[in-house]
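Enquirer: The structure that follows is given in the form of structure tokens.
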Amino acid sequence: MSSGRGRVPAVRSLRPRARTAWDALIRVAVGDRLGLVVFLGTIVWSFLTWRIGFFITDNYTLANTLVAMADGHLTVADAVYGSLEAPGMSIHDGQLYGRNYGQVAFALPFLWALRGATSVADFGLVFTSLWSLLLLALAVQVGRLVDRRSALAVAGAGAVVSAFAVNVHLAEPLSETLVPVAALQLSTVVAAAFLASTGYRLFARLHGRRVGASVGVAVVAATPVGFWTSIPKRHVLSVAVLLGVAYAFYRSRDATATDALLSATGFRALAYALVGLLTWVHAGEAFIVFLALVLADLPTAPANDRRSLAVVGAAFAVSMLPFFLTNALVSGDPLRPPRMLSRFGEFSNEATFGSSSGSRLGSGGELLFGRLPRWFAGPILELSGRLSLLFDPFVRGTRVLTERPADVYRTLIRAGYIDSIGSHDDNQAINLTVLESAPIVAGVLEAVGLAGSRLRSTRGVDRSVRARLGGVVSSFTDSPGRATDAFVALSAVLFFLAYIPRLPIHAQVTVRYLLPLYAVGVYGLARQPSVRRVLSDHGRAVVWTYLGGVMLGAQLFFVVVTVGTFGRGGALQLHAVLGIAVGGVFALLAAGSAVDDRFDRATAVALGLSAAMGTNLLVLSGVVYFQYGPYALPMVDWLADLSASA
Amino acid sequence: MDRPRVLVSLTAALVLTVTVLSGPAIGLADLTQPRYDMSGLGEGDATVDRVEAPSTVTLERGYQSESYYLVVPPARAYFASLSGKPTVAYGVEIPELGYSRSTTHFLSGGETGWVEFSIAEDTLRNRTVSADRYDGQLTLILRASGEKTVVHNGSVSVEVSG
């Protein structure tokens, strides 16, 4: 009796403590409740088109690497999935290695969790249950957010129970050999959720929570970022890190927040640490972000004293330890990632920062320096080889702009059928351009209109060039937002330059190499004052046009594609052509809005429609055009079966 | 405890309970069944009275693509009797292109009268298609009580358009 009475206060004091810990976790991971809603919403949304399986051949490489890593080694001995002769496998000293070890390591906890779950639950029901619980959590959080807890609890419980019943009724057995690949997919879905909530946090601080939530939703629902959420490639991770760096970068300059958990230098160190972690996933892309960060950070930092640089440098060095360690274990050279080893598979389409150019330079150099003592020539060759390896892609990219403008056009604006690429896909034109796959980013063209109107308003003022230049520089150092713009814009340009020499290329569908550009496009859109004005004055028009465009549009697409003779290539081209049309109108209207607010209502409608076009592409390619495995949710699997027989 | 919280907790408990009770550790019920019962396929009896098959099939150029899509109109068969689970394979063959394809349909007992069969659309690479028309063959093959019966085998004209 007495012991029982003694326990009660202990339990009582535990609950507030758990509450505080939970609140702190929410704050660190997703910002606040709305951030949590964006996070949960992204996962719930991504589950809808999640097909468990392999979309692209180098998914085999990652999945086999994950199985090997779960068994405790970096070498890949067995092809659990597909063949070891898949793109991305490397060979060193007779041992086979995978790549993107950072990404695979990130997927490990998910693998353990799924293996744990399958010991108590039928694998065919694991995702149904998980999704139901997440949907319930989403309803509860939305209820608290809008202060209508009862209504949302009733609606959420009703929706979850009925969806759960339908899913259980339609559930089919799922082979447990798919657990590792599902773990990889779950990890990128969660990365996408962080991507969306980080976009929300950045813009909530820049322009308020409403704009923040719109950005978070738009990135994953209206751009091809949503296409790649459940396809385990590095791209979503890279974009998530890029936005994380942008957020940390902004916070390192934003003195207005009095409740910050980290100091300004702390956030600056965090930005570099995130880049350091990205090296473990893809060193080349980490270098792009690093370069943009250094170029934007050093000139605009509030202070570059020895102490803060030491903190930043230390954080960066520590964050790269996993990368160095993995490289050292694989090749013996901490600076040589698996991507720079010789390839095992017969081909790879991802050689942008790969070994080919580097080794060529190296062997050329060896002829020249061959007679010098090795200890002397070695480091010089190594340094020059590595430097040219690092900067060569940007140089080549700049050359492409002048030498092959047609390829730039076919990457950004309109591709259509390209014989050299279509021949890989049964002569179908299934590779869309940036504009075709995300008409919403066309709106950034309005920055041009804005610049025009700005130019007009400052024309009368007579100022010397030097004063103007000084004004521009100080506007970047004084405004955290402008400095972040510089970082984001630089990253976009560098990503573009690094990949454009290889584009257009097959197996892209939505120019996945340039996935960061979509996030940057939405960023650029939300940074325009006139777009935010459209959003706040005509938000209802945007939302209703969007919903109408998705509800009606998706069905219309399906009917037209099913009734007519389109095939997969033709269907995607239909999306492409309509996307260009809608995106073009949106760009014009948005530019008009930048000059005159009488365009705002029309711009709102065009914005909603272009976002809907992006969503329609995601939904239809997820459920109809690209079916390659059992769906995570049985009800979607059933729907996809139905659509296939239509 | 307030009502919304009870409702939410009950829902979560329901989901978890069903999942764990049907899981491998307890295994009270197997809730994941293949959606299509494949057992006993091709067994049973069927009598086909008449067959109507199309006289032309088309190879159409896809929208904004260099590939061709083979479009085969459906064929119909009149079943006077049907029992068990026979299957019907509707096939098309274009010998000149070295092309053949068929789609198998599952029938179920009691389904007498006209039954329609389709062939799923398929993509052909453009380099393979050079003439304006080809000769083709359409077949309907019934599999019942372990035997295969050709219920239709007729020539068809393959028209290339676009």
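Each chain in the structure tokens gets a letter, A, B, ..., in the order shown, and its residues are numbered from 1; ligands are numbered from 1 in order too.
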Residues of chain A within 6 Å of chain B, counting only C-alpha atoms - could you list those as a ChimeraX atom specification?
Expert: /A:120-122,150,153,157,171-173,417,426-429,566,570
Enquirer: If you keep all heavy atoms, can you produce a file of those selected residues as a compact mmCIF listing (two decimals), in the first residue's frame?
Expert:
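Once written, out-v1.txt looks like this:
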```
# COMPACT_ATOMS: atom_id res chain seq x y z
N VAL A 120 6.89 -8.97 -35.46
CA VAL A 120 5.59 -9.01 -34.77
C VAL A 120 4.42 -8.80 -35.73
O VAL A 120 3.28 -9.09 -35.38
CB VAL A 120 5.49 -7.96 -33.64
CG1 VAL A 120 6.41 -8.32 -32.50
CG2 VAL A 120 5.80 -6.57 -34.17
N ALA A 121 4.68 -8.28 -36.93
CA ALA A 121 3.58 -7.99 -37.84
C ALA A 121 3.84 -8.63 -39.20
O ALA A 121 4.97 -8.85 -39.59
CB ALA A 121 3.41 -6.48 -38.00
N ASP A 122 2.75 -8.92 -39.89
CA ASP A 122 2.83 -9.43 -41.26
C ASP A 122 3.40 -8.32 -42.13
O ASP A 122 2.89 -7.19 -42.12
CB ASP A 122 1.40 -9.78 -41.70
CG ASP A 122 1.38 -10.55 -43.01
OD1 ASP A 122 2.33 -10.38 -43.79
OD2 ASP A 122 0.42 -11.31 -43.22
N SER A 150 -11.84 18.13 -31.37
CA SER A 150 -12.87 17.08 -31.46
C SER A 150 -13.19 16.76 -32.91
O SER A 150 -13.22 15.60 -33.31
CB SER A 150 -14.16 17.52 -30.78
OG SER A 150 -13.88 18.09 -29.56
N ALA A 153 -10.44 14.90 -34.51
CA ALA A 153 -10.28 13.56 -33.94
C ALA A 153 -11.32 12.62 -34.53
O ALA A 153 -11.01 11.49 -34.92
CB ALA A 153 -10.40 13.62 -32.42
N ALA A 157 -10.19 9.71 -36.96
CA ALA A 157 -10.45 8.32 -36.55
C ALA A 157 -11.31 7.62 -37.60
O ALA A 157 -11.05 6.47 -37.97
CB ALA A 157 -11.14 8.31 -35.19
N ALA A 171 -5.25 -6.41 -48.69
CA ALA A 171 -3.82 -6.69 -48.49
C ALA A 171 -3.41 -8.03 -49.09
O ALA A 171 -4.14 -9.02 -49.00
CB ALA A 171 -3.50 -6.66 -47.00
N GLU A 172 -2.25 -8.03 -49.70
CA GLU A 172 -1.68 -9.25 -50.25
C GLU A 172 -0.37 -9.55 -49.52
O GLU A 172 0.24 -8.65 -48.96
CB GLU A 172 -1.39 -9.06 -51.74
CG GLU A 172 -2.64 -8.91 -52.59
CD GLU A 172 -2.32 -9.03 -54.07
OE1 GLU A 172 -1.82 -8.04 -54.62
OE2 GLU A 172 -2.55 -10.09 -54.66
N PRO A 173 0.08 -10.79 -49.53
CA PRO A 173 1.36 -11.07 -48.88
C PRO A 173 2.50 -10.34 -49.61
O PRO A 173 2.45 -10.17 -50.83
CB PRO A 173 1.51 -12.59 -48.99
CG PRO A 173 0.45 -13.06 -49.90
CD PRO A 173 -0.54 -11.98 -50.10
N TYR A 417 10.95 14.43 -78.55
CA TYR A 417 11.62 13.17 -78.83
C TYR A 417 13.06 13.41 -79.27
O TYR A 417 13.32 14.16 -80.21
CB TYR A 417 10.88 12.39 -79.91
CG TYR A 417 11.52 11.07 -80.16
CD1 TYR A 417 11.29 10.01 -79.29
CD2 TYR A 417 12.39 10.89 -81.22
CE1 TYR A 417 11.91 8.81 -79.48
CE2 TYR A 417 13.01 9.67 -81.42
CZ TYR A 417 12.77 8.63 -80.55
OH TYR A 417 13.40 7.44 -80.73
N ASP A 426 12.67 2.32 -75.92
CA ASP A 426 11.71 1.87 -76.93
C ASP A 426 11.18 3.02 -77.77
O ASP A 426 10.00 3.05 -78.12
CB ASP A 426 10.52 1.15 -76.28
CG ASP A 426 10.90 -0.24 -75.84
OD1 ASP A 426 11.95 -0.72 -76.31
OD2 ASP A 426 10.17 -0.82 -75.04
N ASN A 427 12.03 3.97 -78.10
CA ASN A 427 11.64 5.12 -78.90
C ASN A 427 10.49 5.91 -78.31
O ASN A 427 9.72 6.55 -79.01
CB ASN A 427 11.27 4.70 -80.33
CG ASN A 427 12.44 4.07 -81.03
OD1 ASN A 427 12.50 2.87 -81.18
ND2 ASN A 427 13.40 4.89 -81.41
N GLN A 428 10.40 5.88 -77.00
CA GLN A 428 9.38 6.70 -76.35
C GLN A 428 10.07 7.92 -75.74
O GLN A 428 11.18 7.83 -75.23
CB GLN A 428 8.70 5.92 -75.23
CG GLN A 428 8.04 4.66 -75.73
CD GLN A 428 7.32 3.97 -74.59
OE1 GLN A 428 6.14 4.13 -74.40
NE2 GLN A 428 8.07 3.20 -73.82
N ALA A 429 9.39 9.04 -75.81
CA ALA A 429 9.96 10.25 -75.23
C ALA A 429 9.48 10.37 -73.79
O ALA A 429 8.47 11.00 -73.52
CB ALA A 429 9.54 11.46 -76.04
N PHE A 566 -1.87 6.58 -76.61
CA PHE A 566 -0.77 7.41 -76.14
C PHE A 566 0.44 6.59 -75.75
O PHE A 566 1.56 6.93 -76.06
CB PHE A 566 -1.23 8.26 -74.95
CG PHE A 566 -1.98 9.48 -75.38
CD1 PHE A 566 -3.35 9.46 -75.55
CD2 PHE A 566 -1.29 10.65 -75.63
CE1 PHE A 566 -4.03 10.57 -75.94
CE2 PHE A 566 -1.97 11.79 -76.03
CZ PHE A 566 -3.35 11.75 -76.19
N GLY A 570 3.75 8.89 -75.02
CA GLY A 570 2.79 9.90 -75.45
C GLY A 570 2.10 10.56 -74.27
O GLY A 570 1.87 11.77 -74.27
```
Enquirer: For range 503-507 of chain A, work out the shell of residues within 7 Å, counting only C-alpha atoms and skipping chain neighbours fewer than 6 positions away, then give it as an MDAnalysis selection string.
Expert: chainID A and resid 407 410:411 421 424 431
Enquirer: Neighbours of Thr87 in chain B within 6 Å (only C-alpha atoms; same-chain residues fewer than 5 positions away dropped), as an mmCIF file with N, CA, C and O atoms, in the first residue's frame?
Expert:
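This went into around-v8.cif:
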```
data_model
loop_
_atom_site.group_PDB
_atom_site.id
_atom_site.type_symbol
_atom_site.label_atom_id
_atom_site.label_comp_id
_atom_site.auth_asym_id
_atom_site.auth_seq_id
_atom_site.Cartn_x
_atom_site.Cartn_y
_atom_site.Cartn_z
ATOM 1 N N GLY B 42 -7.649 -23.079 -65.592
ATOM 2 C CA GLY B 42 -7.548 -23.956 -66.755
ATOM 3 C C GLY B 42 -8.313 -25.258 -66.577
ATOM 4 O O GLY B 42 -8.254 -26.145 -67.403
ATOM 5 N N HIS B 105 -7.020 -14.431 -70.318
ATOM 6 C CA HIS B 105 -8.170 -14.007 -69.504
ATOM 7 C C HIS B 105 -8.672 -15.178 -68.685
ATOM 8 O O HIS B 105 -8.721 -16.302 -69.162
ATOM 9 N N PHE B 106 -9.030 -14.889 -67.431
ATOM 10 C CA PHE B 106 -9.559 -15.934 -66.559
ATOM 11 C C PHE B 106 -11.074 -15.859 -66.574
ATOM 12 O O PHE B 106 -11.648 -14.804 -66.377
ATOM 13 N N LEU B 107 -11.680 -17.004 -66.799
ATOM 14 C CA LEU B 107 -13.139 -17.039 -66.784
ATOM 15 C C LEU B 107 -13.596 -17.702 -65.490
ATOM 16 O O LEU B 107 -12.841 -18.434 -64.851
ATOM 17 N N LEU B 142 -8.664 -21.664 -76.023
ATOM 18 C CA LEU B 142 -9.374 -21.984 -74.787
ATOM 19 C C LEU B 142 -8.648 -23.109 -74.068
ATOM 20 O O LEU B 142 -8.280 -24.120 -74.672
ATOM 21 N N ARG B 143 -8.392 -22.883 -72.767
ATOM 22 C CA ARG B 143 -7.795 -23.957 -71.978
ATOM 23 C C ARG B 143 -8.812 -24.404 -70.937
ATOM 24 O O ARG B 143 -9.186 -23.640 -70.051
#
```
Enquirer: Which parts of range 161-336 of chain A does DSSP call alpha helix (DSSP H) when run on the backbone here, written out as JSON, numbers by chain?
Expert: {"A": [161, 162, 163, 164, 165, 166, 167, 168, 169, 170, 179, 180, 181, 182, 183, 184, 185, 186, 187, 188, 189, 190, 191, 192, 193, 194, 195, 196, 197, 198, 199, 200, 201, 202, 203, 204, 205, 206, 207, 209, 210, 211, 212, 213, 214, 215, 216, 217, 218, 219, 220, 221, 235, 236, 237, 238, 239, 240, 241, 242, 243, 244, 245, 246, 247, 248, 249, 250, 251, 264, 265, 266, 267, 268, 269, 270, 271, 272, 273, 274, 275, 276, 277, 278, 279, 280, 281, 283, 284, 285, 286, 287, 288, 289, 290, 291, 292, 293, 294, 295, 296, 297, 298, 299, 300, 306, 307, 308, 309, 310, 311, 312, 313, 314, 315, 316, 317, 318, 319, 321, 322, 323, 324, 325, 326, 327, 328, 329, 330, 331]}
Enquirer: May I ask for the distance between CA of Ala526 in chain A and CA of Leu588 in chain A, given in Å to one decimal place?
Expert: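 CA of Leu588 in chain A lies 16.5 Å from CA of Ala526 in chain A.
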Enquirer: Which neighbours of Pro180 in chain A fall inside 9 Å, counting only C-alpha atoms, when residues of the same chain fewer than 5 positions from it are skipped, and could you give them as a JSON list (two decimals) with N, CA, C and O atoms, in the first residue's frame?
Expert:
```json
[["chain", "number", "residue", "atom", "x", "y", "z"],
["A", 63, "ALA", "N", 20.81, -1.25, -52.64],
["A", 63, "ALA", "CA", 20.15, -2.26, -51.81],
["A", 63, "ALA", "C", 21.12, -3.37, -51.42],
["A", 63, "ALA", "O", 21.16, -3.81, -50.27],
["A", 64, "ASN", "N", 21.95, -3.80, -52.39],
["A", 64, "ASN", "CA", 22.95, -4.83, -52.07],
["A", 64, "ASN", "C", 23.96, -4.31, -51.06],
["A", 64, "ASN", "O", 24.41, -5.04, -50.18],
["A", 66, "LEU", "N", 23.35, -2.06, -48.81],
["A", 66, "LEU", "CA", 22.67, -1.99, -47.51],
["A", 66, "LEU", "C", 22.66, -3.35, -46.82],
["A", 66, "LEU", "O", 22.95, -3.46, -45.63],
["A", 67, "VAL", "N", 22.37, -4.39, -47.60],
["A", 67, "VAL", "CA", 22.36, -5.73, -47.01],
["A", 67, "VAL", "C", 23.75, -6.07, -46.47],
["A", 67, "VAL", "O", 23.91, -6.58, -45.36],
["A", 107, "ALA", "N", 20.00, 4.67, -44.03],
["A", 107, "ALA", "CA", 18.89, 3.72, -44.17],
["A", 107, "ALA", "C", 18.98, 2.59, -43.15],
["A", 107, "ALA", "O", 17.99, 1.89, -42.92],
["A", 108, "LEU", "N", 20.16, 2.40, -42.54],
["A", 108, "LEU", "CA", 20.34, 1.26, -41.61],
["A", 108, "LEU", "C", 19.31, 1.23, -40.48],
["A", 108, "LEU", "O", 18.68, 0.20, -40.24],
["A", 110, "PHE", "N", 16.42, 2.35, -40.39],
["A", 110, "PHE", "CA", 15.12, 2.01, -40.95],
["A", 110, "PHE", "C", 15.03, 0.50, -41.21],
["A", 110, "PHE", "O", 13.99, -0.12, -41.03],
["A", 111, "LEU", "N", 16.15, -0.06, -41.64],
["A", 111, "LEU", "CA", 16.18, -1.51, -41.87],
["A", 111, "LEU", "C", 15.96, -2.25, -40.56],
["A", 111, "LEU", "O", 15.17, -3.19, -40.48],
["A", 114, "LEU", "N", 12.35, -1.94, -39.55],
["A", 114, "LEU", "CA", 11.44, -2.78, -40.35],
["A", 114, "LEU", "C", 11.61, -4.25, -40.01],
["A", 114, "LEU", "O", 10.64, -5.01, -39.95],
["A", 115, "ARG", "N", 12.89, -4.67, -39.77],
["A", 115, "ARG", "CA", 13.10, -6.07, -39.38],
["A", 115, "ARG", "C", 12.42, -6.35, -38.05],
["A", 115, "ARG", "O", 11.84, -7.42, -37.85],
["A", 185, "GLN", "N", 13.85, 2.92, -49.23],
["A", 185, "GLN", "CA", 12.80, 3.82, -49.70],
["A", 185, "GLN", "C", 12.21, 4.63, -48.55],
["A", 185, "GLN", "O", 11.99, 5.83, -48.67]]
```
Enquirer: Pick out the closest residue to Val211 in chain A from this set: A:Gly564, A:Gly548, A:Gly199, A:Pro322. Count only C-alpha atoms.
Expert: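 Selected residue with least distance to Val211 in chain A: A:Gly199.
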Enquirer: Measuring between only C-alpha atoms, which one of B:Ala89, B:Val72, B:Ala53, B:Ala29 shows the shortest distance to Lys148 in chain B?
Expert: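 Of all the options, B:Ala89 lies closest to Lys148 in chain B.
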